[in-house]
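Everything on this sheet refers to the single structure shown next.
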Amino acid sequence: MFFTQTIRRKLGLGLGIIFFMLIIMAYGAVSGLQSYHNTVNEFKYSLDNLPDRDRLVVSVVALNKPLQRIRHSKPAASAHFQQEFDKQLQEVRMEIQGFLQKVDRLPADPAIKNWKGFVESQLSEHSACMSILNQLELMKVQLEDPQKRLEMSEQMILEVAHLETLILEVRDVPSGTKAVLARATSVYRSRFNLVSVTCVVVFIAFGCLIWYGYRTVLAPIQALHEGARIVAQGHYDHHFEIKSDDEMAELAEAFNKMTMRFKEKRDELNHKVDERSKQLVRSERLAGIGVLAAGVAHEINNPLSAISMASESLQGRIVDLKPHCEDADFEVVEQYLSLIQRESMRCREITSKLLDFSRGQNSVRSQNDLVGVIDEVCSMVNLIKRLKGRNIHFSVRNPCCAEFNPAEIKQVVLNIMTNALESMEVGGNLEIEVREHVDSVTLIFRDDGRGMTQEVKESLFDPFFTQRADGTGTGLGMSITHRIVKDHGGEIEVESPGPGQGSTIFVELPKKTKLQSVAA
């Protein structure tokens with residue numbers, strides 16, 4: 001369960017294992033040196049128990065000091081120096097006995113057998129050395145005589161020198177053990193210093209490794225982890241900052257690009273949701289208005305027909321009444337009849353548009369050339385008097401085929417073009433562009449007219465929405481355009497930088513309808 005935890009714990013476990021290995025290595029090195037040190041100490045202790053000739057020589061040489069003082073001192077002070085000589089003489093005897101005891105404890109080794117026999121003969125009870133010591137014991141009594149003290153002290157000095165010569169003839173233990181011990185001690189000290197310095201360097205390097213790993217691995221991972229948690233909570237504005245030149249910085253940059261992409265997708269989805277919500281509301285309103293429009297158009301058409309026929313009949317018979325009426329009254333009646341006919345025709349056009357608005361998806365679609373449809377509409381618009389003086393730029397001549405209802409798409413193009421041209425002053429320009437894609441075709445209508453505000457763009461496709469000041473518009477043209485485009489499986493969008501800066505309308509139509517694509 002522990003190995004499934006965070007990367008920090010895994011790295012910590014790895015560093016802990018490395019640290020444990022370092023401890024074991026350091027312990028092994030130090031314990032080895034300690035064992036070596038103990039061995040050297042034991043060996044040294046053993047060497048300390050070997051016979052040491054130098055100590056004998058030093059103790060014998062020390063006999064000269066009280067003798068020299070006896071020679072040059074006054075009789076009153078000589079007794080004190082005689083006591084020192086006697087004490088030092090006893091010490092020489094004890095050193096000789098201790099030396100012989102150490103010789104006896106030496107192991108039976110053929111290499112020192114002859115040396116051992118020579119030493120025993122040189123320092124035995126009946127040897128020349130012991131004879132000199134005994135003689136010195138006898139001679140020290142004569143030091144009390146003031147007449148003989150000087151002569152006797154000189155003879156004793158000579159005897160001490162003879163004893164020193166005899167002891168110097170005794171060599172040390174015939175082996176290189178002391179030299180080996182010296183070399184071993186030197187090696188131990190150098191290796192101990194080396195191990196100490198190595199351990200210090202290794203632990204400092206390990207500390208640097210931990211610091212470096214934290215700065216370059218653990219800290220960036222922790223920052224990425226915290227940033228990922230912040231992004232997971234929906235804060236896509238969070239920016240990852242890793243100040244390094246390695247993969248961690250590349251990973252942080254990839255995270256930043258990912259969050260930026262998330263933010264773009266979120267905004268795009270929110271925009272689409274808003275658009276779909278508006279379209280849903282608009283569709284519900286259009287559905288209700290469509291049902292109402294169909295009923296109203298059907299009910300109004302009959303009275304409008306009767307009014308139109310009656311006005312035409314009266315206008316045909318008014319000529320017979322002209323002799324019986326004054327000219328002023330006749331002109332008024334004629335104007336009223338013309339107004340009735342004109343307005344009744346306008347009402348019939350409105351009801352016709354209402355019927356068009358209420359139609360469903362029953363149109364027949366086939367392969368047609370969009371460029372030809374646009375050319376036909378351009379020729380038609382050029383004949384409309386109120387739209388004279390505006391410039392239409394459409395230079396596409398290559399055919400662009402798609403599957404649509406020609407009459408309905410012609411109405412779409414006509415509605416968009418007339419709205420664009422009516423929003424311009426004389427001399428304005430309307431550019432029409434056709435972009436062909438793999439599965440769709442995009443029509444672009446770009447004008448330099450009055451432009452639109454945000455409120456106008458949001459309400460452009462609503463039924464009965466119009467901005468014509470003269471009240472001639474019904475507000476159904478763009479609603480019908482929107483319905484036709486949606487029925488064809490396309491999309492229509494409007495862009496405008498603002499009032500007075502023109503507008504651009506994008507109409508995207510699929511090359512094949514969804515129904516036939518599925519059937520295929």
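Just so we're on the same page: first chain in the structure tokens is A, next is B, and so on; residues restart at 1 for each chain, and ligands are numbered from 1 in the order they show up.
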Near Gly498 of chain A, counting only C-alpha atoms, which residues have an atom at most 12 Å away, once you skip same-chain residues fewer than 3 positions from it, shown as a ChimeraX atom specification? /A:448-457,494-495,501-504
Any chance you could export the current selection's N, CA, C and O atoms as a CSV table (one decimal), in the first residue's frame?
```
chain,number,residue,atom,x,y,z
A,448,ASP,N,-20.5,47.5,-45.9
A,448,ASP,CA,-20.0,48.6,-45.2
A,448,ASP,C,-21.1,49.6,-44.8
A,448,ASP,O,-20.9,50.8,-44.8
A,449,GLY,N,-22.2,49.0,-44.4
A,449,GLY,CA,-23.4,49.8,-44.0
A,449,GLY,C,-23.4,50.3,-42.6
A,449,GLY,O,-22.3,50.6,-42.0
A,450,ARG,N,-24.6,50.4,-42.0
A,450,ARG,CA,-24.7,51.0,-40.7
A,450,ARG,C,-24.1,50.1,-39.5
A,450,ARG,O,-23.9,50.6,-38.4
A,451,GLY,N,-24.0,48.8,-39.8
A,451,GLY,CA,-23.5,48.0,-38.7
A,451,GLY,C,-24.5,47.6,-37.7
A,451,GLY,O,-25.7,48.0,-37.8
A,452,MET,N,-24.2,46.9,-36.6
A,452,MET,CA,-25.1,46.5,-35.7
A,452,MET,C,-24.6,46.6,-34.3
A,452,MET,O,-23.4,46.4,-34.0
A,453,THR,N,-25.5,46.8,-33.3
A,453,THR,CA,-25.1,46.7,-31.9
A,453,THR,C,-25.3,45.3,-31.4
A,453,THR,O,-25.8,44.4,-32.2
A,454,GLN,N,-24.8,45.0,-30.2
A,454,GLN,CA,-25.0,43.7,-29.7
A,454,GLN,C,-26.4,43.3,-29.5
A,454,GLN,O,-26.8,42.1,-29.8
A,455,GLU,N,-27.3,44.2,-29.2
A,455,GLU,CA,-28.7,43.9,-29.0
A,455,GLU,C,-29.3,43.6,-30.4
A,455,GLU,O,-30.2,42.7,-30.5
A,456,VAL,N,-28.9,44.3,-31.4
A,456,VAL,CA,-29.5,44.0,-32.7
A,456,VAL,C,-29.1,42.6,-33.2
A,456,VAL,O,-29.8,41.9,-33.8
A,457,LYS,N,-27.8,42.3,-33.0
A,457,LYS,CA,-27.3,41.0,-33.4
A,457,LYS,C,-28.1,39.8,-32.7
A,457,LYS,O,-28.3,38.8,-33.3
A,494,VAL,N,-23.8,36.2,-37.4
A,494,VAL,CA,-23.6,37.6,-37.8
A,494,VAL,C,-22.5,38.2,-37.0
A,494,VAL,O,-22.3,37.9,-35.8
A,495,GLU,N,-21.7,39.0,-37.7
A,495,GLU,CA,-20.6,39.7,-37.0
A,495,GLU,C,-20.6,41.2,-37.4
A,495,GLU,O,-20.9,41.5,-38.5
A,501,GLN,N,-19.8,50.5,-38.8
A,501,GLN,CA,-18.6,49.8,-39.2
A,501,GLN,C,-18.9,48.6,-40.0
A,501,GLN,O,-18.1,47.7,-40.2
A,502,GLY,N,-20.2,48.5,-40.6
A,502,GLY,CA,-20.5,47.4,-41.4
A,502,GLY,C,-20.8,46.1,-40.7
A,502,GLY,O,-20.7,46.0,-39.5
A,503,SER,N,-21.3,45.1,-41.5
A,503,SER,CA,-21.6,43.8,-40.9
A,503,SER,C,-21.2,42.7,-41.9
A,503,SER,O,-21.0,42.9,-43.1
A,504,THR,N,-21.1,41.5,-41.3
A,504,THR,CA,-20.7,40.4,-42.1
A,504,THR,C,-21.6,39.2,-41.6
A,504,THR,O,-21.8,39.0,-40.4
```
Atomic separation - atom CA of Leu100 of chain A relative to atom CA of Glu120 of chain A, Å: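 If I compute the distance from atom CA of Glu120 of chain A to atom CA of Leu100 of chain A, I get 7.1 Å.
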Could you list, as a list of chain:residue names, every residue within 10 Å of Leu56 of chain A, counting only C-alpha atoms and ignoring same-chain residues fewer than 3 positions away?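 Near Leu56 of chain A, the qualifying residues are A:Pro51, A:Asp52, A:Arg53, A:Ser59, A:Val60, A:Val61, A:Ala62, A:Glu91, A:Val92, A:Arg93, A:Met94, A:Glu95, A:Ile96, A:Gly98, A:Phe99, A:Glu164, A:Ile167, A:Leu168, A:Val170.
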Output file for the selection above: all heavy atoms, as a compact mmCIF listing (two decimals), in the first residue's frame:
```txt
# COMPACT_ATOMS: atom_id res chain seq x y z
N PRO A 51 61.68 -7.43 25.69
CA PRO A 51 62.87 -6.88 26.36
C PRO A 51 63.35 -5.62 25.66
O PRO A 51 63.48 -5.59 24.44
CB PRO A 51 63.91 -8.01 26.24
CG PRO A 51 63.11 -9.25 26.01
CD PRO A 51 61.89 -8.83 25.25
N ASP A 52 63.61 -4.59 26.47
CA ASP A 52 64.00 -3.29 25.91
C ASP A 52 65.40 -2.96 26.42
O ASP A 52 65.59 -2.57 27.58
CB ASP A 52 63.00 -2.22 26.34
CG ASP A 52 63.24 -0.92 25.59
OD1 ASP A 52 64.20 -0.85 24.79
OD2 ASP A 52 62.45 0.03 25.80
N ARG A 53 66.44 -3.12 25.58
CA ARG A 53 67.82 -2.87 25.97
C ARG A 53 68.05 -1.39 26.25
O ARG A 53 68.88 -1.02 27.09
CB ARG A 53 68.74 -3.34 24.85
CG ARG A 53 70.22 -3.27 25.21
CD ARG A 53 71.06 -3.26 23.97
NE ARG A 53 70.77 -2.08 23.15
CZ ARG A 53 71.43 -1.82 22.02
NH1 ARG A 53 72.36 -2.61 21.58
NH2 ARG A 53 71.14 -0.72 21.34
N SER A 59 69.27 3.38 32.35
CA SER A 59 69.42 3.26 33.80
C SER A 59 70.89 3.20 34.22
O SER A 59 71.28 3.75 35.26
CB SER A 59 68.67 2.03 34.29
OG SER A 59 69.23 0.85 33.71
N VAL A 60 71.72 2.56 33.38
CA VAL A 60 73.16 2.48 33.70
C VAL A 60 73.81 3.85 33.55
O VAL A 60 74.63 4.28 34.38
CB VAL A 60 73.84 1.43 32.79
CG1 VAL A 60 75.38 1.50 32.95
CG2 VAL A 60 73.35 0.05 33.14
N VAL A 61 73.48 4.57 32.48
CA VAL A 61 74.04 5.90 32.27
C VAL A 61 73.66 6.83 33.41
O VAL A 61 74.42 7.73 33.80
CB VAL A 61 73.57 6.45 30.91
CG1 VAL A 61 73.98 7.91 30.76
CG2 VAL A 61 74.17 5.63 29.78
N ALA A 62 72.46 6.59 33.99
CA ALA A 62 72.02 7.44 35.09
C ALA A 62 72.90 7.30 36.33
O ALA A 62 72.86 8.16 37.23
CB ALA A 62 70.57 7.12 35.44
N GLU A 91 68.00 0.27 41.09
CA GLU A 91 67.12 0.33 39.91
C GLU A 91 67.73 -0.40 38.72
O GLU A 91 67.02 -1.08 37.96
CB GLU A 91 66.85 1.80 39.54
CG GLU A 91 65.87 1.96 38.38
CD GLU A 91 65.59 3.41 38.07
OE1 GLU A 91 65.91 4.28 38.89
OE2 GLU A 91 65.00 3.68 36.98
N VAL A 92 69.08 -0.30 38.60
CA VAL A 92 69.75 -1.03 37.51
C VAL A 92 69.58 -2.52 37.71
O VAL A 92 69.33 -3.28 36.74
CB VAL A 92 71.24 -0.64 37.46
CG1 VAL A 92 72.01 -1.54 36.51
CG2 VAL A 92 71.38 0.80 37.02
N ARG A 93 69.72 -2.99 38.95
CA ARG A 93 69.54 -4.41 39.21
C ARG A 93 68.11 -4.85 38.84
O ARG A 93 67.90 -5.91 38.25
CB ARG A 93 69.81 -4.70 40.70
CG ARG A 93 71.27 -4.64 41.08
CD ARG A 93 71.45 -4.99 42.55
NE ARG A 93 72.84 -4.95 42.95
CZ ARG A 93 73.75 -5.94 42.78
NH1 ARG A 93 73.33 -7.08 42.25
NH2 ARG A 93 75.00 -5.80 43.19
N MET A 94 67.11 -4.03 39.21
CA MET A 94 65.71 -4.39 38.90
C MET A 94 65.46 -4.39 37.39
O MET A 94 64.75 -5.25 36.86
CB MET A 94 64.76 -3.38 39.58
CG MET A 94 64.78 -3.48 41.10
SD MET A 94 63.71 -2.25 41.88
CE MET A 94 62.14 -2.72 41.22
N GLU A 95 66.07 -3.47 36.67
CA GLU A 95 65.92 -3.43 35.21
C GLU A 95 66.51 -4.68 34.57
O GLU A 95 65.94 -5.25 33.63
CB GLU A 95 66.57 -2.18 34.63
CG GLU A 95 65.82 -0.88 34.91
CD GLU A 95 64.49 -0.81 34.16
OE1 GLU A 95 64.33 -1.51 33.14
OE2 GLU A 95 63.59 -0.09 34.63
N ILE A 96 67.69 -5.10 35.12
CA ILE A 96 68.32 -6.31 34.56
C ILE A 96 67.44 -7.52 34.83
O ILE A 96 67.23 -8.38 33.96
CB ILE A 96 69.73 -6.49 35.16
CG1 ILE A 96 70.65 -5.38 34.63
CG2 ILE A 96 70.31 -7.87 34.82
CD1 ILE A 96 72.04 -5.39 35.26
N GLY A 98 64.13 -7.51 35.32
CA GLY A 98 62.94 -7.42 34.44
C GLY A 98 63.26 -7.78 33.01
O GLY A 98 62.46 -8.43 32.32
N PHE A 99 64.46 -7.37 32.54
CA PHE A 99 64.86 -7.69 31.16
C PHE A 99 64.98 -9.19 30.99
O PHE A 99 64.53 -9.77 29.98
CB PHE A 99 66.17 -6.99 30.85
CG PHE A 99 66.60 -7.09 29.43
CD1 PHE A 99 66.13 -6.21 28.47
CD2 PHE A 99 67.49 -8.09 29.04
CE1 PHE A 99 66.54 -6.32 27.15
CE2 PHE A 99 67.89 -8.20 27.73
CZ PHE A 99 67.43 -7.32 26.78
N GLU A 164 78.37 -0.13 30.95
CA GLU A 164 77.57 0.38 29.81
C GLU A 164 78.00 -0.28 28.51
O GLU A 164 77.16 -0.63 27.66
CB GLU A 164 77.73 1.90 29.73
CG GLU A 164 76.91 2.54 28.62
CD GLU A 164 77.10 4.04 28.60
OE1 GLU A 164 77.72 4.59 29.52
OE2 GLU A 164 76.58 4.66 27.61
N ILE A 167 76.63 -3.84 28.35
CA ILE A 167 75.17 -3.87 28.06
C ILE A 167 74.88 -3.51 26.61
O ILE A 167 73.96 -4.04 25.99
CB ILE A 167 74.43 -2.95 29.05
CG1 ILE A 167 74.49 -3.53 30.47
CG2 ILE A 167 72.96 -2.77 28.62
CD1 ILE A 167 73.86 -2.66 31.52
N LEU A 168 75.70 -2.59 26.07
CA LEU A 168 75.51 -2.22 24.67
C LEU A 168 75.80 -3.39 23.73
O LEU A 168 75.33 -3.40 22.59
CB LEU A 168 76.40 -1.03 24.29
CG LEU A 168 75.94 0.32 24.85
CD1 LEU A 168 76.98 1.39 24.53
CD2 LEU A 168 74.58 0.70 24.27
N VAL A 170 74.64 -6.21 24.20
CA VAL A 170 73.36 -6.95 24.11
C VAL A 170 72.48 -6.26 23.06
O VAL A 170 72.11 -5.10 23.22
CB VAL A 170 72.66 -6.99 25.48
CG1 VAL A 170 71.32 -7.71 25.35
CG2 VAL A 170 73.56 -7.66 26.51
```
Name all residues at most 7 Å from Lys410 of chain A (count only C-alpha atoms; drop same-chain ones fewer than 3 positions away) and give them as a list in words.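 Listing them by chain and then by number gives Val373, Val377, Pro406, Ala407, Val413 and Leu414 of chain A.
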Which is closer to Lys140 of chain A than all the others in A:Phe118, A:Phe203, A:Phe192, A:Phe81, using only C-alpha atoms?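 Answer, going by the shortest atom-to-atom distance: A:Phe81.
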Out of A:Ile505, A:Asn398, A:Val58, A:Glu376, which residue has the shortest atom-to-atom distance to Asn419 of chain A when counting only C-alpha atoms? A:Ile505
Compare A:Ile18, A:Leu136, A:Val57, A:Val30 by their minimum atom-to-atom distance to Leu194 of chain A, counting only C-alpha atoms, and give me the closest one.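 Using only C-alpha atoms, the shortest distance to Leu194 of chain A belongs to A:Val30.
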Check the smallest atom-to-atom distance from each of A:Asn415, A:Thr513, A:Glu431, A:Thr466 to Val364 of chain A using only C-alpha atoms, then report the winner.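 Selected residue with least distance to Val364 of chain A: A:Thr513.
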Would you mind telling me which residue in A:Glu403, A:Glu250, A:Glu159, A:Glu422 lies nearest to Val381 of chain A when using only C-alpha atoms?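 Counting only C-alpha atoms, the residue closest to Val381 of chain A is A:Glu422.
Distances from A:Glu125, A:Ser344, A:Asn193, A:Gln82 to Arg149 of chain A were compared using only C-alpha atoms, and the smallest one belongs to A:Gln82.
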Neighbour list for Leu304 of chain A as a list of chain:residue names, cut-off 9 Å, only C-alpha atoms, skip fewer than 6 positions in-chain: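 Final neighbour list, sorted by chain and number: A:Ser344, A:Met345, A:Cys347, A:Arg348.
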